[in-house]
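Colleague: Dropping the structure in here first, questions after.
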Amino acid sequence: MDTNSLQAFVAVAESGSFSRAAEQLFLTQSAMSKRILILEQQLNSRLFDRIGRTVGLTEAGRELLPRAQRILLELEDARRSLSNLSGEVSGTLSVAASHHISLHRLPPVLRQYIHAFPEVKLDLRFDESEIAYDNVLRGNLEIALITLSPHPDPSIHSRAIWRDKLNYVVATDHPLASLERVTLEQLCDYPAILSGSATFTRQLANLQFSQLGLQPDTTMSTNYLDTIRMMVQIGLGWSLLPETMTENSLKVLNVDVPPVTRELGYITHKERTLSNAARHFILLLEQAAEKGS
């Protein structure tokens, strides 16, 4: 059993497609199928059910998947540990950042990092916080810069770097804009535009309403905060947005509840050895936290 076959198996299992897995590993589909066939022959077990265009794991495949993922992660961890011995800050650093952080928080740190460590090749992705979180948990990323989960997995190490105060906002001509004080009950009388129900930011908002037995009238949702801001500006509803995104075109409501604060920061996997490149990136993030940047 070789690592190439295991890598092919995990890629197909996670993508649910031979063609997508082949693209990820820069292989032809026939080469991908051959690797899977060799692994099935070695294990004397069928690993996938192929019904039409649908690919699903068999019972043997489901049993193998977590073990194969663990083996590949251990091998990658060993490579990083040996590479770190040289003390060089080079190689590839895989980082994901949420769209909000990449626009409003990351640029100064990233600028400082690429100037200090030009030998590092950045594999920088822009994902929703929840997707980046899952990729760190699976071992596909070294670091993710995200809205931190209110309930993190025990395998995740998280560190808050920035704190975002969230404001309830409406358009300047919204009926609520003229009120000196607004209640959550009054907000529920008007359409809300919030991030998706699975997002960490939405979970924080729902908690405040659910404590009073309330449910916002969410008529529209998107995970792009800049899009939400635009829809609020033109009067489609109210929202809960970071203070850094509040402009003159929005009215910040004086709501009769404590302010909502979300933590933005980085996460890593507790069982993963970080590369020298990742360690120095985290050092710059920690310095940003100390400065209150």
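Please note that chains go A, B, ... in the order of the structure tokens, that every chain numbers its residues from 1, and that ligands are numbered from 1 in the order shown.
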Can you pull out every residue within 10 Å of His104 of chain A, counting only C-alpha atoms, but drop anything in the same chain fewer than 5 positions away, and send it as number ranges by chain?
Modeller: A: 99, 244-245
Colleague: What are the closest atom pairs, with distances in Å to one decimal, for each residue of segment 104-163 of chain A lying within 9 Å of segment 271-288 of chain A, using only C-alpha atoms, rows by chain and rising residue number, as CSV?
Modeller:
```
residue,atom,partner,partner_atom,distance
A:Val109,CA,A:Leu284,CA,6.6
A:Leu110,CA,A:Phe281,CA,8.5
A:Gln112,CA,A:Leu284,CA,8.1
A:Tyr113,CA,A:Phe281,CA,6.7
A:Phe117,CA,A:Ala277,CA,8.2
A:Val120,CA,A:Ala277,CA,6.8
A:Gly139,CA,A:Arg272,CA,7.7
A:Glu142,CA,A:Leu274,CA,6.9
A:Ile143,CA,A:Ala278,CA,7.4
A:Ser155,CA,A:Glu271,CA,7.2
A:Ile156,CA,A:Glu271,CA,8.7
A:Arg159,CA,A:Glu286,CA,8.8
A:Ile161,CA,A:Leu285,CA,6.9
A:Trp162,CA,A:Ala288,CA,8.5
```
Colleague: Just to be explicit: take each residue in the selection above, keep N, CA and C atoms, and write the result as a PDB file, in the first residue's frame.
Modeller:
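Heads up, here's the output in selection_2.pdb:
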```pdb
ATOM      1  N   VAL A 109      -0.711  42.935   7.982  1.00  0.00           N
ATOM      2  CA  VAL A 109       0.069  41.776   8.424  1.00  0.00           C
ATOM      3  C   VAL A 109       0.663  41.053   7.222  1.00  0.00           C
ATOM      4  N   LEU A 110      -0.121  40.894   6.182  1.00  0.00           N
ATOM      5  CA  LEU A 110       0.341  40.183   4.992  1.00  0.00           C
ATOM      6  C   LEU A 110       1.469  40.949   4.306  1.00  0.00           C
ATOM      7  N   GLN A 112       3.633  42.967   5.715  1.00  0.00           N
ATOM      8  CA  GLN A 112       4.829  42.816   6.547  1.00  0.00           C
ATOM      9  C   GLN A 112       5.447  41.433   6.359  1.00  0.00           C
ATOM     10  N   TYR A 113       4.610  40.416   6.243  1.00  0.00           N
ATOM     11  CA  TYR A 113       5.102  39.036   6.144  1.00  0.00           C
ATOM     12  C   TYR A 113       5.828  38.796   4.819  1.00  0.00           C
ATOM     13  N   PHE A 117       9.709  37.644   4.578  1.00  0.00           N
ATOM     14  CA  PHE A 117      10.002  36.250   4.212  1.00  0.00           C
ATOM     15  C   PHE A 117       9.673  36.001   2.732  1.00  0.00           C
ATOM     16  N   VAL A 120       9.003  32.388   1.097  1.00  0.00           N
ATOM     17  CA  VAL A 120       7.785  31.614   1.355  1.00  0.00           C
ATOM     18  C   VAL A 120       6.798  31.805   0.212  1.00  0.00           C
ATOM     19  N   GLY A 139      -7.085  19.023   8.148  1.00  0.00           N
ATOM     20  CA  GLY A 139      -5.655  19.015   7.893  1.00  0.00           C
ATOM     21  C   GLY A 139      -5.270  19.543   6.534  1.00  0.00           C
ATOM     22  N   GLU A 142      -2.834  24.950   7.094  1.00  0.00           N
ATOM     23  CA  GLU A 142      -2.073  25.158   8.317  1.00  0.00           C
ATOM     24  C   GLU A 142      -2.769  26.173   9.226  1.00  0.00           C
ATOM     25  N   ILE A 143      -3.233  27.264   8.629  1.00  0.00           N
ATOM     26  CA  ILE A 143      -3.807  28.362   9.398  1.00  0.00           C
ATOM     27  C   ILE A 143      -5.066  28.867   8.705  1.00  0.00           C
ATOM     28  N   SER A 155     -10.123  19.620  18.910  1.00  0.00           N
ATOM     29  CA  SER A 155      -8.863  19.512  18.165  1.00  0.00           C
ATOM     30  C   SER A 155      -8.358  20.851  17.656  1.00  0.00           C
ATOM     31  N   ILE A 156      -9.173  21.897  17.783  1.00  0.00           N
ATOM     32  CA  ILE A 156      -8.826  23.204  17.223  1.00  0.00           C
ATOM     33  C   ILE A 156      -8.230  24.115  18.296  1.00  0.00           C
ATOM     34  N   ARG A 159      -7.115  31.539  18.652  1.00  0.00           N
ATOM     35  CA  ARG A 159      -6.576  32.713  19.351  1.00  0.00           C
ATOM     36  C   ARG A 159      -7.216  33.955  18.754  1.00  0.00           C
ATOM     37  N   ILE A 161      -7.476  37.682  17.746  1.00  0.00           N
ATOM     38  CA  ILE A 161      -6.546  38.761  17.400  1.00  0.00           C
ATOM     39  C   ILE A 161      -7.276  40.103  17.373  1.00  0.00           C
ATOM     40  N   TRP A 162      -8.468  40.106  16.790  1.00  0.00           N
ATOM     41  CA  TRP A 162      -9.267  41.330  16.708  1.00  0.00           C
ATOM     42  C   TRP A 162     -10.647  41.061  17.299  1.00  0.00           C
TER      43      TRP A 162
END
```
Colleague: Excluding Pro66 of chain A and its own-chain neighbours fewer than 6 positions away, which residues fall within 12 Å of it when counting only C-alpha atoms? Please give them as a tab-separated table (two decimals) with N, CA and C atoms, in the first residue's frame.
Modeller:
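Result file is result-v5.tsv:
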```tsv
chain	number	residue	atom	x	y	z
A	6	LEU	N	-3.40	5.95	-1.31
A	6	LEU	CA	-4.18	6.49	-0.20
A	6	LEU	C	-4.63	7.92	-0.48
A	9	PHE	N	-7.47	7.80	-2.88
A	9	PHE	CA	-8.69	7.34	-2.21
A	9	PHE	C	-9.33	8.48	-1.41
A	10	VAL	N	-8.53	9.21	-0.63
A	10	VAL	CA	-9.06	10.30	0.19
A	10	VAL	C	-9.63	11.40	-0.69
A	13	ALA	N	-12.98	10.25	-1.99
A	13	ALA	CA	-13.95	10.18	-0.89
A	13	ALA	C	-14.43	11.57	-0.48
A	14	GLU	N	-13.51	12.53	-0.42
A	14	GLU	CA	-13.87	13.87	0.04
A	14	GLU	C	-14.58	14.69	-1.03
A	60	ALA	N	-16.56	-0.74	3.75
A	60	ALA	CA	-15.10	-0.83	3.88
A	60	ALA	C	-14.45	0.53	3.66
A	72	LEU	N	-1.94	10.01	6.18
A	72	LEU	CA	-1.42	11.09	5.33
A	72	LEU	C	-1.03	12.32	6.14
A	73	LEU	N	-1.83	12.62	7.16
A	73	LEU	CA	-1.50	13.77	8.02
A	73	LEU	C	-0.23	13.51	8.81
A	138	ARG	N	-9.66	19.22	8.94
A	138	ARG	CA	-9.32	18.06	8.10
A	138	ARG	C	-7.82	17.96	7.82
A	139	GLY	N	-7.09	19.02	8.15
A	139	GLY	CA	-5.65	19.01	7.89
A	139	GLY	C	-5.27	19.54	6.53
```
Colleague: I need the strand (DSSP E) residues of segment 88-185 of chain A per DSSP on the backbone, written as number ranges by chain.
Modeller: A: 91-97, 120-126, 143-147, 156-171
Colleague: Atoms to include: N, CA, C and O atoms. Write the selected residues as a short mmCIF file (atom, residue, chain, number, x, y, z; two decimals), in the first residue's frame.
Modeller:
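result_5.cif, freshly written:
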```cif
data_model
loop_
_atom_site.label_atom_id
_atom_site.label_comp_id
_atom_site.auth_asym_id
_atom_site.auth_seq_id
_atom_site.Cartn_x
_atom_site.Cartn_y
_atom_site.Cartn_z
N GLY A 91 9.39 27.43 1.73
CA GLY A 91 8.36 26.45 1.42
C GLY A 91 7.01 27.11 1.19
O GLY A 91 6.91 28.31 0.97
N THR A 92 5.96 26.31 1.26
CA THR A 92 4.60 26.79 1.01
C THR A 92 3.83 26.92 2.31
O THR A 92 3.86 26.02 3.15
N LEU A 93 3.16 28.03 2.47
CA LEU A 93 2.30 28.25 3.64
C LEU A 93 0.86 28.32 3.16
O LEU A 93 0.48 29.19 2.38
N SER A 94 0.05 27.38 3.62
CA SER A 94 -1.37 27.34 3.22
C SER A 94 -2.20 28.07 4.27
O SER A 94 -2.28 27.68 5.43
N VAL A 95 -2.82 29.17 3.83
CA VAL A 95 -3.62 30.02 4.72
C VAL A 95 -4.95 30.33 4.05
O VAL A 95 -4.99 30.60 2.84
N ALA A 96 -6.00 30.32 4.83
CA ALA A 96 -7.30 30.79 4.34
C ALA A 96 -7.75 31.95 5.21
O ALA A 96 -7.48 31.98 6.42
N ALA A 97 -8.42 32.91 4.60
CA ALA A 97 -8.95 34.05 5.34
C ALA A 97 -10.39 34.31 4.90
O ALA A 97 -10.72 34.15 3.72
N VAL A 120 9.00 32.39 1.10
CA VAL A 120 7.78 31.61 1.36
C VAL A 120 6.80 31.81 0.21
O VAL A 120 6.51 32.94 -0.20
N LYS A 121 6.28 30.70 -0.30
CA LYS A 121 5.24 30.74 -1.33
C LYS A 121 3.89 30.65 -0.62
O LYS A 121 3.59 29.66 0.06
N LEU A 122 3.08 31.68 -0.75
CA LEU A 122 1.78 31.72 -0.07
C LEU A 122 0.71 31.02 -0.90
O LEU A 122 0.48 31.38 -2.06
N ASP A 123 0.08 30.03 -0.30
CA ASP A 123 -1.12 29.42 -0.87
C ASP A 123 -2.29 30.05 -0.12
O ASP A 123 -2.75 29.54 0.90
N LEU A 124 -2.73 31.22 -0.61
CA LEU A 124 -3.71 32.03 0.11
C LEU A 124 -5.09 31.83 -0.51
O LEU A 124 -5.28 32.06 -1.70
N ARG A 125 -6.04 31.45 0.33
CA ARG A 125 -7.41 31.22 -0.15
C ARG A 125 -8.36 32.15 0.59
O ARG A 125 -8.12 32.51 1.74
N PHE A 126 -9.45 32.51 -0.08
CA PHE A 126 -10.46 33.36 0.53
C PHE A 126 -11.75 32.54 0.62
O PHE A 126 -12.40 32.27 -0.39
N ILE A 143 -3.23 27.26 8.63
CA ILE A 143 -3.81 28.36 9.40
C ILE A 143 -5.07 28.87 8.70
O ILE A 143 -5.14 28.89 7.47
N ALA A 144 -6.06 29.27 9.49
CA ALA A 144 -7.22 29.98 8.95
C ALA A 144 -7.47 31.21 9.80
O ALA A 144 -7.39 31.16 11.03
N LEU A 145 -7.76 32.32 9.12
CA LEU A 145 -8.11 33.58 9.79
C LEU A 145 -9.60 33.77 9.60
O LEU A 145 -10.06 34.04 8.48
N ILE A 146 -10.35 33.66 10.70
CA ILE A 146 -11.80 33.56 10.57
C ILE A 146 -12.50 34.23 11.75
O ILE A 146 -11.87 34.64 12.72
N THR A 147 -13.82 34.30 11.64
CA THR A 147 -14.65 34.57 12.81
C THR A 147 -14.63 33.31 13.66
O THR A 147 -14.99 32.23 13.18
N ILE A 156 -9.17 21.90 17.78
CA ILE A 156 -8.83 23.20 17.22
C ILE A 156 -8.23 24.12 18.30
O ILE A 156 -8.78 24.27 19.38
N HIS A 157 -7.08 24.71 17.95
CA HIS A 157 -6.50 25.78 18.79
C HIS A 157 -6.89 27.11 18.17
O HIS A 157 -6.69 27.33 16.98
N SER A 158 -7.48 27.99 18.95
CA SER A 158 -7.90 29.29 18.43
C SER A 158 -7.35 30.41 19.29
O SER A 158 -7.16 30.25 20.50
N ARG A 159 -7.12 31.54 18.65
CA ARG A 159 -6.58 32.71 19.35
C ARG A 159 -7.22 33.95 18.75
O ARG A 159 -7.13 34.20 17.55
N ALA A 160 -7.87 34.74 19.60
CA ALA A 160 -8.49 35.98 19.13
C ALA A 160 -7.42 37.04 18.89
O ALA A 160 -6.54 37.25 19.74
N ILE A 161 -7.48 37.68 17.75
CA ILE A 161 -6.55 38.76 17.40
C ILE A 161 -7.28 40.10 17.37
O ILE A 161 -6.78 41.11 17.84
N TRP A 162 -8.47 40.11 16.79
CA TRP A 162 -9.27 41.33 16.71
C TRP A 162 -10.65 41.06 17.30
O TRP A 162 -11.14 39.94 17.29
N ARG A 163 -11.27 42.11 17.80
CA ARG A 163 -12.65 42.02 18.29
C ARG A 163 -13.51 43.02 17.53
O ARG A 163 -13.18 44.19 17.46
N ASP A 164 -14.58 42.50 16.98
CA ASP A 164 -15.50 43.31 16.19
C ASP A 164 -16.76 43.58 16.99
O ASP A 164 -17.48 42.64 17.36
N LYS A 165 -17.04 44.86 17.25
CA LYS A 165 -18.34 45.20 17.80
C LYS A 165 -19.33 45.21 16.64
O LYS A 165 -19.05 45.78 15.58
N LEU A 166 -20.47 44.56 16.83
CA LEU A 166 -21.49 44.50 15.78
C LEU A 166 -22.61 45.47 16.12
O LEU A 166 -23.09 45.51 17.26
N ASN A 167 -23.04 46.24 15.13
CA ASN A 167 -24.12 47.22 15.32
C ASN A 167 -25.35 46.83 14.53
O ASN A 167 -25.25 46.35 13.39
N TYR A 168 -26.52 47.06 15.13
CA TYR A 168 -27.77 46.93 14.38
C TYR A 168 -27.91 48.19 13.53
O TYR A 168 -27.85 49.32 14.05
N VAL A 169 -28.09 48.01 12.23
CA VAL A 169 -28.12 49.15 11.32
C VAL A 169 -29.31 49.08 10.36
O VAL A 169 -29.82 47.99 10.05
N VAL A 170 -29.73 50.27 9.93
CA VAL A 170 -30.78 50.39 8.91
C VAL A 170 -30.40 51.53 7.97
O VAL A 170 -29.46 52.29 8.24
N ALA A 171 -31.14 51.67 6.89
CA ALA A 171 -30.97 52.82 6.01
C ALA A 171 -31.43 54.08 6.74
O ALA A 171 -32.25 54.02 7.65
#
```
Colleague: As a list in words, please: every residue in segment 147-272 of chain A that DSSP puts in alpha helix (DSSP H).
Modeller: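 Here are the alpha helix (DSSP H) residues of segment 147-272 of chain A: Leu184, Glu185, Gln186, Leu187, Phe200, Thr201, Arg202, Gln203, Leu204, Ala205, Asn206, Leu207, Gln208, Phe209, Ser210, Leu225, Asp226, Thr227, Ile228, Arg229, Met230, Met231, Val232 and Gln233 of chain A.
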Colleague: Work out how far apart atom CA of Ala22 of chain A and atom CA of Arg35 of chain A are and give it in Å to one decimal.
Modeller: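 It comes out at 10.7 Å.
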Colleague: Using only C-alpha atoms, determine which residues lie at most 12 Å from Ile234 of chain A, disregarding the query and same-chain residues fewer than 3 positions distant; provide the list as a PyMOL selection string.
Modeller: chain A and resi 170-174+193+227-231+237-238+249-250
Colleague: One decimal, Å: what's the distance from atom CA of Leu103 of chain A over to atom CA of Ser149 of chain A, could you say?
Modeller: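 Calculated distance between atom CA of Leu103 of chain A and atom CA of Ser149 of chain A is 19.9 Å.
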Colleague: Smallest atom-to-atom distance to Thr58 of chain A: which of A:Thr222, A:Asn254, A:Ser19, A:Ser45, using only C-alpha atoms?
Modeller: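 Closest to Thr58 of chain A of all the choices is A:Ser45.
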Colleague: Name all residues at most 12 Å from Glu180 of chain A (count only C-alpha atoms; drop same-chain ones fewer than 2 positions away) and give them as JSON, numbers by chain.
Modeller: {"A": [175, 176, 177, 178, 182, 183, 251, 252, 253, 254, 255, 256]}
Colleague: I need the residues from that last selection saved to file as a short mmCIF file (atom, residue, chain, number, x, y, z; two decimals), in the first residue's frame (with N, CA, C and O atoms), if you can.
Modeller:
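Contents of part_1.cif, as written:
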```cif
data_model
loop_
_atom_site.label_atom_id
_atom_site.label_comp_id
_atom_site.auth_asym_id
_atom_site.auth_seq_id
_atom_site.Cartn_x
_atom_site.Cartn_y
_atom_site.Cartn_z
N PRO A 175 -38.04 53.23 8.76
CA PRO A 175 -38.94 53.66 9.84
C PRO A 175 -38.30 53.63 11.23
O PRO A 175 -38.66 54.43 12.10
N LEU A 176 -37.36 52.71 11.46
CA LEU A 176 -36.72 52.62 12.77
C LEU A 176 -35.64 53.68 12.98
O LEU A 176 -35.21 53.91 14.11
N ALA A 177 -35.20 54.32 11.91
CA ALA A 177 -34.07 55.25 12.00
C ALA A 177 -34.38 56.48 12.84
O ALA A 177 -33.47 57.10 13.41
N SER A 178 -35.66 56.84 12.95
CA SER A 178 -36.03 58.05 13.69
C SER A 178 -36.25 57.79 15.18
O SER A 178 -36.44 58.74 15.95
N VAL A 182 -34.55 51.37 20.32
CA VAL A 182 -35.24 50.29 19.62
C VAL A 182 -35.12 49.00 20.42
O VAL A 182 -34.07 48.72 21.01
N THR A 183 -36.18 48.20 20.45
CA THR A 183 -36.15 46.91 21.13
C THR A 183 -35.99 45.80 20.09
O THR A 183 -36.27 45.99 18.90
N LYS A 251 -27.72 54.04 9.42
CA LYS A 251 -28.08 54.54 10.74
C LYS A 251 -27.86 53.43 11.76
O LYS A 251 -28.42 52.34 11.65
N VAL A 252 -26.99 53.70 12.75
CA VAL A 252 -26.76 52.74 13.82
C VAL A 252 -27.86 52.89 14.85
O VAL A 252 -28.09 53.98 15.38
N LEU A 253 -28.56 51.80 15.13
CA LEU A 253 -29.68 51.84 16.05
C LEU A 253 -29.21 51.70 17.50
O LEU A 253 -28.27 50.96 17.80
N ASN A 254 -29.88 52.42 18.38
CA ASN A 254 -29.63 52.31 19.81
C ASN A 254 -30.57 51.23 20.35
O ASN A 254 -31.74 51.50 20.67
N VAL A 255 -30.07 50.00 20.41
CA VAL A 255 -30.90 48.85 20.77
C VAL A 255 -30.76 48.57 22.27
O VAL A 255 -29.67 48.70 22.84
N ASP A 256 -31.86 48.16 22.91
CA ASP A 256 -31.90 48.02 24.37
C ASP A 256 -31.34 46.68 24.86
O ASP A 256 -31.90 46.06 25.76
#
```
Colleague: Compile the contact shell of Ala11 of chain A as a list in words: residues with an atom at most 10 Å away, counting only C-alpha atoms, same-chain residues fewer than 3 positions apart removed.
Modeller: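 Close residues of Ala11 of chain A: Ser5, Leu6, Gln7, Ala8, Glu14, Ser15, Gly16, Ser17, Phe18, Arg20, Ala21, Ala22, Glu23, Gln24, Leu25, Met32 and Gln69 of chain A.
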Colleague: Ranking A:Glu59, A:Glu263, A:Asp77, A:Asp226 by minimum distance to Asn140 of chain A and counting only C-alpha atoms, which one comes first?
Modeller: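 Counting only C-alpha atoms, the residue closest to Asn140 of chain A is A:Asp77.
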Colleague: Using only C-alpha atoms for the distances, tell me which of A:Gly213, A:Leu47, A:Arg80, A:Tyr133 is nearest to Ser33 of chain A.
Modeller: A:Leu47
